[in-house]
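query.cif (mmCIF, C-alpha atoms) appears below.
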data_work
loop_
_atom_site.label_atom_id
_atom_site.label_comp_id
_atom_site.auth_asym_id
_atom_site.auth_seq_id
_atom_site.Cartn_x
_atom_site.Cartn_y
_atom_site.Cartn_z
CA MET A 494 89.31 158.95 141.02
CA PHE A 495 88.60 156.28 143.60
CA PRO A 496 89.36 153.26 141.36
CA PHE A 497 92.58 154.94 140.31
CA ALA A 498 93.58 155.45 143.93
CA LEU A 499 92.67 151.86 144.72
CA ALA A 500 94.75 150.58 141.81
CA LEU A 501 97.67 152.69 142.97
CA ALA A 502 97.30 151.38 146.49
CA LEU A 503 97.18 147.76 145.27
CA GLN A 504 100.18 148.28 143.04
CA SER A 505 102.21 149.71 145.85
CA ALA A 506 101.13 146.73 147.97
CA GLN A 507 102.52 144.36 145.32
CA PRO A 508 106.10 145.36 144.55
CA VAL A 509 107.39 144.18 141.18
CA PRO A 510 109.93 141.35 141.72
CA ALA A 511 113.41 141.99 140.38
CA GLY A 512 113.79 141.52 136.66
CA GLU A 513 110.04 141.39 135.99
CA GLU A 514 107.79 143.79 134.19
CA PRO A 515 104.91 145.28 136.19
CA VAL A 516 101.45 143.77 135.67
CA ALA A 517 98.04 145.26 136.38
CA PRO A 518 97.07 144.54 139.98
CA TYR A 519 94.93 141.51 140.75
CA ALA A 520 93.86 139.54 143.78
CA HIS A 521 96.37 136.89 144.83
CA ALA A 522 94.96 133.48 145.77
CA ASN A 523 96.15 129.90 145.63
CA ALA A 524 92.86 129.12 143.88
CA ASN A 525 94.32 130.95 140.86
CA ALA A 526 96.63 127.92 140.38
CA GLY A 527 93.67 126.14 138.80
CA ALA A 528 93.81 122.87 140.77
CA THR A 529 94.11 121.56 144.31
CA PRO A 530 97.44 120.30 145.68
CA PHE A 531 98.41 116.67 146.18
CA GLU A 532 98.46 115.36 149.72
CA GLY A 533 101.62 114.15 151.40
CA GLN A 534 105.21 114.57 150.24
CA ALA A 535 105.48 111.70 147.72
CA MET A 536 104.90 113.86 144.63
CA TRP A 537 107.21 116.66 145.80
CA ARG A 538 109.94 114.07 146.40
CA ALA A 539 109.25 112.35 143.03
CA PHE A 540 109.92 115.70 141.35
CA GLY A 541 113.17 116.20 143.23
CA GLY A 542 112.00 118.97 145.57
CA GLU A 543 112.93 122.59 144.91
CA PRO A 544 116.04 122.00 142.74
CA GLY A 545 114.19 119.38 140.70
CA VAL A 546 111.12 121.52 140.05
CA ARG A 547 113.22 124.64 139.29
CA ALA A 548 115.23 122.64 136.75
CA ILE A 549 112.04 121.25 135.17
CA VAL A 550 110.48 124.72 134.91
CA ASP A 551 113.63 126.23 133.36
CA ASP A 552 113.90 123.30 130.95
CA LEU A 553 110.20 123.55 130.04
CA VAL A 554 110.40 127.28 129.29
CA ALA A 555 113.59 126.77 127.24
CA ARG A 556 111.94 123.97 125.22
CA ASN A 557 108.83 126.06 124.56
CA VAL A 558 110.81 129.08 123.41
CA ALA A 559 112.80 126.84 121.03
CA ASP A 560 109.74 124.90 119.77
CA PRO A 561 108.77 126.17 116.30
CA ARG A 562 105.18 125.04 116.92
CA ILE A 563 104.59 127.38 119.84
CA ALA A 564 107.61 129.72 120.03
CA ASP A 565 105.51 132.64 118.74
CA ILE A 566 103.28 132.46 121.80
CA PHE A 567 106.27 133.13 124.05
CA LYS A 568 107.67 136.04 122.01
CA SER A 569 107.82 139.30 123.98
CA ARG A 570 106.48 137.61 127.11
CA ASP A 571 108.00 138.22 130.52
CA LEU A 572 109.88 134.92 130.85
CA VAL A 573 111.33 135.86 134.26
CA ARG A 574 107.82 136.20 135.65
CA LEU A 575 106.69 133.07 133.76
CA ARG A 576 109.45 130.97 135.34
CA ARG A 577 108.65 132.31 138.82
CA THR A 578 104.88 131.80 138.61
CA LEU A 579 105.24 128.38 136.92
CA TYR A 580 107.58 127.29 139.71
CA GLU A 581 105.10 128.55 142.31
CA GLN A 582 102.23 126.77 140.57
CA PHE A 583 104.07 123.42 140.33
CA CYS A 584 105.41 123.79 143.89
CA TYR A 585 101.90 124.57 145.18
CA LEU A 586 100.28 121.67 143.30
CA LEU A 587 103.02 119.21 144.31
CA ASN A 588 102.49 120.26 147.94
CA GLY A 589 105.99 121.70 148.19
CA GLY A 590 104.88 124.46 150.58
CA CYS A 591 104.61 127.40 148.16
CA ASP A 592 101.82 129.89 147.64
CA TYR A 593 100.86 130.74 144.08
CA SER A 594 100.97 134.46 143.35
CA GLY A 595 100.20 134.31 139.62
CA GLN A 596 97.00 135.05 137.77
CA THR A 597 94.21 132.60 136.99
CA MET A 598 94.77 130.36 133.97
CA ALA A 599 92.04 132.22 132.10
CA THR A 600 93.59 135.65 132.74
CA ALA A 601 97.18 134.54 132.17
CA HIS A 602 96.34 133.10 128.72
CA LYS A 603 93.79 135.68 127.64
CA ASP A 604 93.98 136.87 124.02
CA MET A 605 96.93 134.61 123.18
CA GLY A 606 94.92 132.70 120.57
CA ILE A 607 96.03 129.37 122.03
CA GLN A 608 94.80 126.31 120.16
CA GLN A 609 94.24 122.78 121.45
CA ALA A 610 97.29 121.66 119.46
CA ASP A 611 99.43 124.21 121.33
CA THR A 612 98.49 122.75 124.70
CA ALA A 613 99.47 119.29 123.39
CA ALA A 614 102.85 120.70 122.28
CA LEU A 615 103.31 122.15 125.76
CA VAL A 616 102.41 118.81 127.35
CA GLU A 617 105.00 117.07 125.15
CA ASN A 618 107.65 119.59 126.19
CA LEU A 619 106.73 119.14 129.84
CA GLN A 620 106.92 115.35 129.41
CA ALA A 621 110.39 115.76 127.90
CA ALA A 622 111.49 118.02 130.76
CA MET A 623 110.15 115.62 133.40
CA ARG A 624 111.75 112.66 131.64
CA HIS A 625 115.05 114.56 131.48
CA ALA A 626 114.77 115.16 135.25
CA ARG A 627 114.06 111.43 135.74
CA VAL A 628 110.62 111.92 137.28
CA PRO A 629 108.99 108.46 137.40
CA PHE A 630 106.41 108.06 134.60
CA PRO A 631 103.41 107.43 136.93
CA ALA A 632 104.24 110.64 138.86
CA GLN A 633 104.52 112.56 135.56
CA ASN A 634 101.01 111.42 134.65
CA ARG A 635 99.59 112.35 138.05
CA LEU A 636 100.76 115.95 137.56
CA LEU A 637 99.51 115.99 133.96
CA ALA A 638 96.10 114.82 135.21
CA LYS A 639 95.99 117.95 137.42
CA LEU A 640 97.03 120.23 134.55
CA ALA A 641 94.94 118.72 131.71
CA PRO A 642 91.55 120.21 132.69
CA MET A 643 93.12 123.70 132.58
CA HIS A 644 92.90 123.49 128.78
CA ARG A 645 89.31 124.71 129.15
CA ASP A 646 90.56 128.08 130.45
CA VAL A 647 93.68 128.20 128.29
CA VAL A 648 92.44 127.34 124.80
CA ALA A 649 90.79 130.28 123.01
CA LYS A 650 87.08 129.72 122.47
CA MET B 809 89.10 151.33 92.49
CA LYS B 810 87.36 148.26 93.77
CA ARG B 811 90.63 146.34 93.68
CA HIS B 812 92.28 149.02 95.80
CA HIS B 813 89.66 148.63 98.46
CA LEU B 814 90.18 144.91 98.47
CA ALA B 815 93.94 145.22 98.76
CA LEU B 816 93.55 147.70 101.59
CA GLY B 817 91.10 145.39 103.33
CA CYS B 818 93.54 142.51 103.14
CA LEU B 819 96.36 144.66 104.48
CA CYS B 820 94.26 145.77 107.44
CA LEU B 821 93.30 142.19 108.19
CA SER B 822 96.88 141.01 108.14
CA LEU B 823 97.93 143.87 110.39
CA ALA B 824 95.09 143.25 112.80
CA THR B 825 95.90 139.56 113.20
CA PRO B 826 98.31 139.03 116.09
CA ALA B 827 101.28 136.76 115.44
CA VAL B 828 100.06 134.22 117.95
CA ALA B 829 96.76 133.68 116.21
CA GLY B 830 98.49 132.73 112.94
CA ASP B 831 97.62 129.65 110.97
CA ARG B 832 96.17 126.51 112.39
CA ARG B 833 98.91 124.40 113.91
CA ALA B 834 98.75 120.85 112.51
CA GLY B 835 98.23 117.77 114.65
CA GLY B 836 97.55 118.17 118.32
CA LYS B 837 96.63 114.78 119.70
CA LEU B 838 99.09 113.28 122.14
CA LEU B 839 100.67 109.97 121.11
CA LEU B 840 98.27 107.00 121.14
CA THR B 841 95.32 109.16 122.22
CA ASN B 842 93.74 108.39 118.84
CA GLY B 843 93.89 104.67 119.65
CA VAL B 844 94.94 102.28 116.91
CA SER B 845 92.93 100.88 114.00
CA SER B 846 90.64 98.01 114.90
CA VAL B 847 90.19 95.17 112.38
CA GLU B 848 86.88 96.76 111.37
CA GLY B 849 88.53 100.09 110.52
CA ALA B 850 87.29 102.23 113.42
CA ALA B 851 89.74 103.77 115.88
CA GLY B 852 90.00 101.44 118.85
CA GLY B 853 92.06 98.59 120.13
CA GLY B 854 92.82 95.68 117.82
CA LEU B 855 89.48 93.87 118.19
CA ALA B 856 87.31 96.52 119.86
CA SER B 857 86.00 99.82 118.60
CA TRP B 858 86.64 102.72 120.99
CA ALA B 859 85.00 106.14 121.43
CA LEU B 860 88.18 107.90 120.24
CA ILE B 861 88.21 109.59 116.83
CA ALA B 862 90.86 108.49 114.29
CA GLY B 863 93.73 110.75 113.20
CA ASN B 864 95.99 113.24 114.94
CA GLU B 865 93.75 116.29 114.65
CA THR B 866 91.86 118.17 117.33
CA ARG B 867 88.58 120.08 117.16
CA ASP B 868 90.40 122.42 114.77
CA GLY B 869 91.20 120.10 111.88
CA ILE B 870 90.77 116.98 109.77
CA GLY B 871 93.10 114.05 110.35
CA GLY B 872 93.21 110.47 109.21
CA SER B 873 94.82 107.09 109.46
CA ALA B 874 95.50 103.99 107.39
CA HIS B 875 96.21 100.48 108.58
CA ALA B 876 97.25 97.04 107.45
CA THR B 877 96.68 94.12 109.79
CA LEU B 878 97.53 90.44 109.65
CA VAL B 879 96.09 87.87 112.05
CA ALA B 880 97.97 84.60 111.58
CA LEU B 881 96.01 81.67 113.04
CA PRO B 882 96.80 77.92 113.06
CA ASP B 883 94.38 77.17 110.20
CA PHE B 884 93.39 80.56 108.79
CA ASP B 885 94.76 84.00 107.95
CA LEU B 886 92.73 87.15 108.49
CA GLU B 887 93.94 90.28 106.74
CA SER B 888 92.51 93.75 107.06
CA ALA B 889 93.40 97.02 105.39
CA GLY B 890 91.61 100.32 105.65
CA VAL B 891 91.49 104.05 106.05
CA ALA B 892 89.72 106.42 108.40
CA ILE B 893 89.32 110.17 108.60
CA GLY B 894 88.59 112.14 111.74
CA ILE B 895 86.79 115.44 111.31
CA ASN B 896 87.27 118.01 114.11
CA ASP B 897 87.72 115.19 116.63
CA ARG B 898 83.96 114.78 116.32
CA VAL B 899 83.11 112.57 113.33
CA GLU B 900 84.98 109.53 112.05
CA LEU B 901 84.38 107.92 108.66
CA SER B 902 86.12 104.62 107.96
CA TYR B 903 86.47 101.88 105.41
CA ALA B 904 88.09 98.49 105.83
CA TYR B 905 88.47 95.45 103.60
CA GLN B 906 88.85 92.09 105.29
CA ARG B 907 90.09 88.86 103.69
CA PHE B 908 89.81 85.54 105.44
CA ASP B 909 91.93 82.84 103.83
CA THR B 910 90.89 79.27 104.71
CA ARG B 911 94.20 77.84 103.42
CA ALA B 912 94.28 74.02 103.75
CA ALA B 913 91.20 74.05 106.00
CA GLY B 914 89.18 75.20 102.98
CA ALA B 915 89.58 71.75 101.43
CA ALA B 916 88.52 70.03 104.68
CA LEU B 917 85.42 72.24 104.81
CA GLY B 918 84.56 71.29 101.22
CA LEU B 919 85.19 74.80 99.92
CA GLY B 920 88.49 74.13 98.21
CA ARG B 921 91.99 74.83 99.35
CA GLY B 922 92.68 78.53 99.79
CA PHE B 923 89.00 79.46 99.57
CA THR B 924 88.71 83.07 100.72
CA PHE B 925 85.90 85.00 102.36
CA ALA B 926 86.01 88.79 102.21
CA GLN B 927 83.94 91.76 103.28
CA HIS B 928 83.76 95.52 102.96
CA ILE B 929 83.07 97.53 106.12
CA VAL B 930 81.94 101.13 105.90
CA GLY B 931 81.79 102.87 109.26
CA ALA B 932 80.75 106.16 110.80
CA LYS B 933 81.24 107.30 114.38
CA LEU B 934 80.07 110.41 116.22
CA ARG B 935 81.52 111.63 119.50
CA ILE B 936 78.52 112.64 121.57
CA ALA B 937 80.00 113.62 124.95
CA GLY B 938 83.14 113.92 127.02
CA ASP B 939 86.83 114.05 126.29
CA ALA B 940 88.77 110.87 127.11
CA VAL B 941 92.10 112.66 127.48
CA TRP B 942 91.70 116.25 128.69
CA ASP B 943 88.77 116.00 131.13
CA GLN B 944 90.92 114.48 133.88
CA ASP B 945 88.91 116.15 136.65
CA ARG B 946 85.74 114.28 135.65
CA TRP B 947 84.88 110.60 135.69
CA LEU B 948 82.70 111.12 132.62
CA PRO B 949 84.30 109.14 129.77
CA GLN B 950 84.24 110.04 126.11
CA PHE B 951 81.09 108.60 124.53
CA SER B 952 80.60 107.86 120.85
CA ILE B 953 77.90 106.17 118.85
CA GLY B 954 78.77 104.33 115.69
CA VAL B 955 77.48 102.30 112.80
CA GLN B 956 79.28 99.74 110.63
CA HIS B 957 77.70 98.49 107.43
CA LYS B 958 79.26 95.24 106.26
CA ILE B 959 79.01 93.60 102.86
CA ALA B 960 80.30 90.02 102.68
CA ASP B 961 81.20 88.54 99.30
CA GLN B 962 80.43 84.80 99.61
CA GLY B 963 76.62 84.93 99.59
CA ALA B 964 76.16 81.37 98.29
CA VAL B 965 78.36 79.79 100.96
CA ILE B 966 76.79 82.00 103.63
CA SER B 967 73.28 80.75 102.82
CA ALA B 968 74.56 77.15 102.49
CA VAL B 969 75.86 77.25 106.11
CA GLY B 970 72.62 78.77 107.41
CA GLY B 971 73.40 82.50 107.27
CA ARG B 972 70.40 84.69 106.48
CA SER B 973 72.08 87.59 104.71
CA SER B 974 75.39 88.64 103.27
CA ARG B 975 74.85 92.23 104.37
CA GLY B 976 74.37 93.59 107.84
CA THR B 977 74.69 96.69 109.96
CA ASP B 978 76.17 96.91 113.46
CA PHE B 979 75.24 99.73 115.82
CA TYR B 980 77.36 100.53 118.86
CA LEU B 981 77.80 102.83 121.83
CA SER B 982 81.35 103.17 123.12
CA ALA B 983 82.82 104.75 126.25
CA THR B 984 86.55 105.38 126.56
CA LYS B 985 88.62 107.04 129.28
CA VAL B 986 92.28 107.67 129.88
CA VAL B 987 92.70 107.71 133.66
CA LEU B 988 95.96 109.63 133.56
CA ALA B 989 96.51 109.71 137.32
CA ARG B 990 96.66 105.89 137.13
CA SER B 991 98.31 105.69 133.66
CA VAL B 992 95.38 103.55 132.58
CA VAL B 993 93.17 103.40 129.46
CA LEU B 994 89.70 101.85 129.75
CA ALA B 995 87.16 101.26 127.01
CA THR B 996 83.87 99.45 126.74
CA THR B 997 81.50 99.09 123.82
CA LEU B 998 77.95 97.80 123.57
CA ARG B 999 77.20 96.50 120.09
CA ALA B 1000 73.96 95.42 118.46
CA THR B 1001 74.89 92.99 115.70
CA LYS B 1002 73.80 89.97 113.68
CA ALA B 1003 77.30 89.28 112.38
CA ASN B 1004 78.69 85.74 112.20
CA GLN B 1005 82.49 85.82 112.62
CA PHE B 1006 82.53 89.63 112.31
CA GLY B 1007 80.28 89.30 109.22
CA LEU B 1008 82.58 87.14 107.10
CA LEU B 1009 80.05 84.28 107.52
CA GLY B 1010 77.10 86.60 106.98
CA PHE B 1011 74.42 88.01 109.25
CA GLY B 1012 71.77 86.17 111.25
CA GLY B 1013 71.45 82.40 111.11
CA ASP B 1014 69.44 79.25 111.51
CA ARG B 1015 70.00 79.20 115.28
CA ARG B 1016 69.28 82.89 115.86
CA ARG B 1017 67.93 85.29 113.25
CA GLY B 1018 68.11 88.80 114.65
CA TYR B 1019 70.17 91.30 116.54
CA SER B 1020 71.80 90.52 119.86
CA ALA B 1021 73.67 92.74 122.27
CA GLN B 1022 77.40 92.08 122.50
CA VAL B 1023 80.10 93.63 124.66
CA GLU B 1024 83.66 94.73 124.03
CA GLY B 1025 86.01 95.61 126.87
CA SER B 1026 89.58 96.86 126.78
CA ALA B 1027 92.01 97.80 129.51
CA GLY B 1028 95.55 99.00 129.06
CA ILE B 1029 98.36 100.59 131.01
CA LEU B 1030 100.69 103.26 129.68
CA LEU B 1031 104.30 102.26 130.34
CA SER B 1032 105.64 105.35 128.55
CA PRO B 1033 104.05 108.09 126.43
CA SER B 1034 104.54 105.81 123.42
CA LEU B 1035 103.83 102.34 124.79
CA LEU B 1036 100.45 100.92 125.82
CA VAL B 1037 100.03 97.30 126.86
CA GLY B 1038 96.71 95.70 127.68
CA ALA B 1039 94.03 93.15 127.00
CA GLU B 1040 90.71 93.00 125.18
CA LEU B 1041 87.63 90.83 125.30
CA ARG B 1042 84.82 90.79 122.75
CA THR B 1043 81.68 88.70 122.82
CA LYS B 1044 80.11 87.62 119.51
CA PRO B 1045 76.74 86.18 118.51
CA ASP B 1046 76.37 82.43 118.06
CA ASN B 1047 73.81 82.38 115.26
CA LEU B 1048 74.77 79.37 113.12
CA ARG B 1049 73.92 75.72 113.89
CA PHE B 1050 76.80 74.18 111.95
CA ALA B 1051 79.56 75.75 114.06
CA ARG B 1052 79.86 77.23 117.52
CA GLU B 1053 81.18 80.77 117.81
CA GLN B 1054 82.83 81.99 121.01
CA LYS B 1055 84.19 85.25 122.34
CA ALA B 1056 87.45 86.71 121.11
CA ALA B 1057 90.27 87.96 123.33
CA ASP B 1058 93.75 89.35 123.01
CA VAL B 1059 96.69 90.74 124.93
CA PHE B 1060 98.40 93.55 123.06
CA ALA B 1061 101.22 96.06 122.97
CA ALA B 1062 100.76 99.26 120.95
CA TRP B 1063 103.89 101.25 120.27
CA ALA B 1064 103.92 104.72 118.71
CA ILE B 1065 107.11 104.71 116.65
CA GLY B 1066 106.69 108.44 116.12
CA ARG B 1067 103.97 110.99 115.63
CA HIS B 1068 102.76 109.37 112.40
CA ALA B 1069 103.26 105.64 112.80
CA SER B 1070 102.45 102.89 115.25
CA ILE B 1071 102.76 99.12 115.51
CA THR B 1072 100.37 96.89 117.42
CA ALA B 1073 101.37 93.33 118.23
CA ALA B 1074 99.04 90.95 120.02
CA PHE B 1075 98.39 87.38 120.96
CA VAL B 1076 94.80 86.78 119.91
CA ASP B 1077 92.31 84.00 120.63
CA LEU B 1078 89.36 83.91 118.21
CA GLY B 1079 87.97 80.63 119.55
CA ASP B 1080 86.54 78.07 117.11
CA ILE B 1081 85.95 79.21 113.54
CA ALA B 1082 83.70 77.22 111.18
CA THR B 1083 84.14 73.99 113.20
CA ILE B 1084 87.94 74.31 113.25
CA ARG B 1085 88.92 74.44 116.92
CA ARG B 1086 91.07 76.84 118.90
CA GLN B 1087 92.17 79.56 116.54
CA ARG B 1088 94.83 81.32 118.56
CA GLY B 1089 97.65 83.21 116.94
CA ALA B 1090 99.55 86.38 116.30
CA PHE B 1091 98.10 89.77 115.46
CA LEU B 1092 100.32 92.35 113.82
CA SER B 1093 99.13 95.77 112.68
CA LEU B 1094 100.90 98.73 111.13
CA GLN B 1095 99.26 102.12 111.19
CA GLY B 1096 100.06 105.53 109.79
CA SER B 1097 98.24 108.69 110.84
CA PHE B 1098 98.23 112.45 110.33
#

I'd like the structure from this file rewritten - as structure tokens, please.
Amino acid sequence: MFPFALALALQSAQPVPAGEEPVAPYAHANANAGATPFEGQAMWRAFGGEPGVRAIVDDLVARNVADPRIADIFKSRDLVRLRRTLYEQFCYLLNGGCDYSGQTMATAHKDMGIQQADTAALVENLQAAMRHARVPFPAQNRLLAKLAPMHRDVVAK
Amino acid sequence: MKRHHLALGCLCLSLATPAVAGDRRAGGKLLLTNGVSSVEGAAGGGLASWALIAGNETRDGIGGSAHATLVALPDFDLESAGVAIGINDRVELSYAYQRFDTRAAGAALGLGRGFTFAQHIVGAKLRIAGDAVWDQDRWLPQFSIGVQHKIADQGAVISAVGGRSSRGTDFYLSATKVVLARSVVLATTLRATKANQFGLLGFGGDRRRGYSAQVEGSAGILLSPSLLVGAELRTKPDNLRFAREQKAADVFAAWAIGRHASITAAFVDLGDIATIRRQRGAFLSLQGSF
């Protein structure tokens, strides 16, 4: 009875954002983003601030959904929530002043059967999106260096 | 009856398998993160062997590569062709055939115009620790150990110039790291070898008989996901009395034309070869990989 009440209380404390499907309650923490933010504003500026990062996230999700290598992974996923949490994660890591409200990388990718090759496909799509947004190549690589170690939590064992 | 059970079993399995866990997706290495083919057949730079495993496959599959390389020098041509397979990004098996054409210099050396040295190189490499590409939160590079067994074909000439054997085995330890935050690729290799001019002039000599420790170093910068430019340095033994042997060096550009093909062009300095001074020239290599 008590855990049920607690879950109910947590759920009511975390309203479901518009257009998203509800998820089981979990503890919010910036540490869930899986890496520490950059210092200073140089990276946030290199990515074009909020409009730049929103465009990159939208482009990335669109490329993944259309990519025959990994499209299956995105089928019947909540893409509205994915876009929001991805934006928050990038914004947090690029020191754009956001908090990350998504799940840990391990939880968010649990039971998806993701292979090492899938993470490489995702990296290529992100590279294409960043290139399209004219993010300088060295800045692209600095973000990728933050994201790369997350493969340990993302790729199915 | 038995067949029915089997059919039912298969049906259950296919139903139980989620769509996302379908077949193995092919490939999975990012462009150039398998290096290029070195002249000795191992994945590496042009002259140096690196800790990377050949082919485009990850821990989940078997990939491979093939290369053809021409080094055009003032007085000689060095050609190399070979294949390598990479198993689960863990083990690499390679073979390369090298031809060294003495052209007009062959006559001056008393061998005859167009006299050609050749050797077979059979290699194996094992990744023992680290991940050069994905472990960007650690300084630990990717480490591999490797062995290259070389069989040179001109045994009589090799013993005439003071070489002790026409067969030899190199052992090496290589460390390679992509420092993504700096767009940089670094590699260094420690090699125990007796080889004279990579082995084409045999192994061991009348100046020095046995193994010596040699070093290979490479540094490159990624200018785009498909373009790496850099430089390499490789020390070599100096075992033979009749001719000095110096270190080799190059500056290179490796360009991934697509997922399955790359071109490496370099300016290479192989020093003096068999008393003929200053062999500096062009290095061009084509590589295909899967």

Going by the chain IDs and residue numbers used in this file, which residues fall under the PyMOL selection byres ((chain A and resi 510) around 12)? Write them as a PDB file with C-alpha atoms, keeping the file's coordinate frame.
ATOM      1  CA  GLN A 507     102.520 144.360 145.320  1.00  0.00           C
ATOM      2  CA  PRO A 508     106.100 145.360 144.550  1.00  0.00           C
ATOM      3  CA  VAL A 509     107.390 144.180 141.180  1.00  0.00           C
ATOM      4  CA  ALA A 511     113.410 141.990 140.380  1.00  0.00           C
ATOM      5  CA  GLY A 512     113.790 141.520 136.660  1.00  0.00           C
ATOM      6  CA  GLU A 513     110.040 141.390 135.990  1.00  0.00           C
ATOM      7  CA  GLU A 514     107.790 143.790 134.190  1.00  0.00           C
ATOM      8  CA  PRO A 515     104.910 145.280 136.190  1.00  0.00           C
ATOM      9  CA  VAL A 516     101.450 143.770 135.670  1.00  0.00           C
ATOM     10  CA  ASP A 571     108.000 138.220 130.520  1.00  0.00           C
ATOM     11  CA  VAL A 573     111.330 135.860 134.260  1.00  0.00           C
ATOM     12  CA  ARG A 574     107.820 136.200 135.650  1.00  0.00           C
ATOM     13  CA  LEU A 575     106.690 133.070 133.760  1.00  0.00           C
ATOM     14  CA  ARG A 577     108.650 132.310 138.820  1.00  0.00           C
ATOM     15  CA  THR A 578     104.880 131.800 138.610  1.00  0.00           C
ATOM     16  CA  SER A 594     100.970 134.460 143.350  1.00  0.00           C
TER      17      SER A 594
END

Just say which residues the PyMOL selection byres ((chain B and resi 858-874) around 7) picks in this file, as a tab-separated table (two decimals) with C-alpha atoms, in the frame of the given file.
chain	number	residue	atom	x	y	z
A	609	GLN	CA	94.24	122.78	121.45
A	610	ALA	CA	97.29	121.66	119.46
B	835	GLY	CA	98.23	117.77	114.65
B	836	GLY	CA	97.55	118.17	118.32
B	837	LYS	CA	96.63	114.78	119.70
B	842	ASN	CA	93.74	108.39	118.84
B	843	GLY	CA	93.89	104.67	119.65
B	851	ALA	CA	89.74	103.77	115.88
B	852	GLY	CA	90.00	101.44	118.85
B	853	GLY	CA	92.06	98.59	120.13
B	856	ALA	CA	87.31	96.52	119.86
B	857	SER	CA	86.00	99.82	118.60
B	875	HIS	CA	96.21	100.48	108.58
B	890	GLY	CA	91.61	100.32	105.65
B	891	VAL	CA	91.49	104.05	106.05
B	892	ALA	CA	89.72	106.42	108.40
B	893	ILE	CA	89.32	110.17	108.60
B	894	GLY	CA	88.59	112.14	111.74
B	895	ILE	CA	86.79	115.44	111.31
B	896	ASN	CA	87.27	118.01	114.11
B	897	ASP	CA	87.72	115.19	116.63
B	898	ARG	CA	83.96	114.78	116.32
B	899	VAL	CA	83.11	112.57	113.33
B	900	GLU	CA	84.98	109.53	112.05
B	935	ARG	CA	81.52	111.63	119.50
B	950	GLN	CA	84.24	110.04	126.11
B	951	PHE	CA	81.09	108.60	124.53
B	952	SER	CA	80.60	107.86	120.85
B	982	SER	CA	81.35	103.17	123.12
B	983	ALA	CA	82.82	104.75	126.25
B	984	THR	CA	86.55	105.38	126.56
B	995	ALA	CA	87.16	101.26	127.01
B	997	THR	CA	81.50	99.09	123.82
B	1095	GLN	CA	99.26	102.12	111.19
B	1096	GLY	CA	100.06	105.53	109.79
B	1097	SER	CA	98.24	108.69	110.84
B	1098	PHE	CA	98.23	112.45	110.33

Q) Which protein, DNA or RNA residues have an atom at most 12 Å from (87.8, 118.2, 145.5), counting all atoms listed in the file? List them as a ChimeraX atom specification. A) /A:527-532,639 /B:945-946

Q. Got a sec: who's within 7 Å of B:Leu1030, counting all atoms listed in the file, leaving out chain neighbours fewer than 5 positions off, as an MDAnalysis selection string?
A. chainID B and resid 991:992 1035:1037

Q | Closest of A:Ala524, A:Ala649, A:Leu572, A:Met536 to A:Asp611 - atom-to-atom distances counting only C-alpha atoms | A |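 That would be A:Ala649, the residue with the smallest distance to A:Asp611.
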
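For the atom pair formed by atom CA of A:Leu637 and atom CA of A:Phe583, the distance is 10.8 Å, given to one decimal.
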
Q. For chain A, which residues have at least one atom within 8 Å of chain B, if we go by only C-alpha atoms? Write them as a list in words, please.
A.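 Here they are: Arg562, Asp565, Ile566, Met605, Gly606, Ile607, Gln608, Gln609, Ala610, Asp611, Thr612, Ala613, Ala614, Glu617, Phe630, Pro631, Ala632, Asn634, Arg635, Leu636, Leu637, Ala638, Lys639, Ala641, Pro642 and His644 of chain A.
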
Q) If we count all atoms listed in the file, what is near B:Ile1071 at a cut-off of 7 Å, once residues fewer than 6 positions away on the same chain are taken out, given as a list of chain:residue names? A)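 Using all atoms listed in the file, the neighbours found are B:Ala1062, B:Trp1063, B:Ala1064, B:Ser1093, B:Leu1094, B:Gln1095.
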
Q | Ground truth for the PyMOL selection byres ((chain A and resi 547-558) around 7), written as a list in words | A |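 Output from the PyMOL selection byres ((chain A and resi 547-558) around 7), applied to this file: Glu543, Pro544, Gly545, Val546, Ala559, Asp560, Ile563, Ala564, Phe567, Arg576, Leu579, Tyr580, Leu615, Asn618, Leu619, Ala622, Met623 and Ala626 of chain A.
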
(Q) Rounded to one decimal, what separation in Å do you get between atom CA of B:Ile1029 and atom CA of B:Leu886? (A) 26.8 Å

**Q.** Atom-to-atom span, atom CA of B:Val1076 and atom CA of B:Ala912, Å
**A.** 20.6 Å

Q. What's the 8 Å shell around A:Gly589, counting only C-alpha atoms, without same-chain residues fewer than 4 positions away, as JSON, numbers by chain?
A. {"A": [534, 537, 542, 543, 584, 585]}

Q) Which residue out of A:Gln582, A:Ser569, A:Thr600, A:Asn588 has the minimum interatomic distance to A:Ala520 when only C-alpha atoms are used? A)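 Among A:Gln582, A:Ser569, A:Thr600, A:Asn588, it is A:Thr600 that comes nearest to A:Ala520.
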
Q: Find, counting all atoms listed in the file, the residue in B:Val930, B:Ala1039, B:Ala1000, B:Val993 that gets nearest to B:Gln1022.
A: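 Ranking B:Val930, B:Ala1039, B:Ala1000, B:Val993 by distance to B:Gln1022, first place goes to B:Ala1000.
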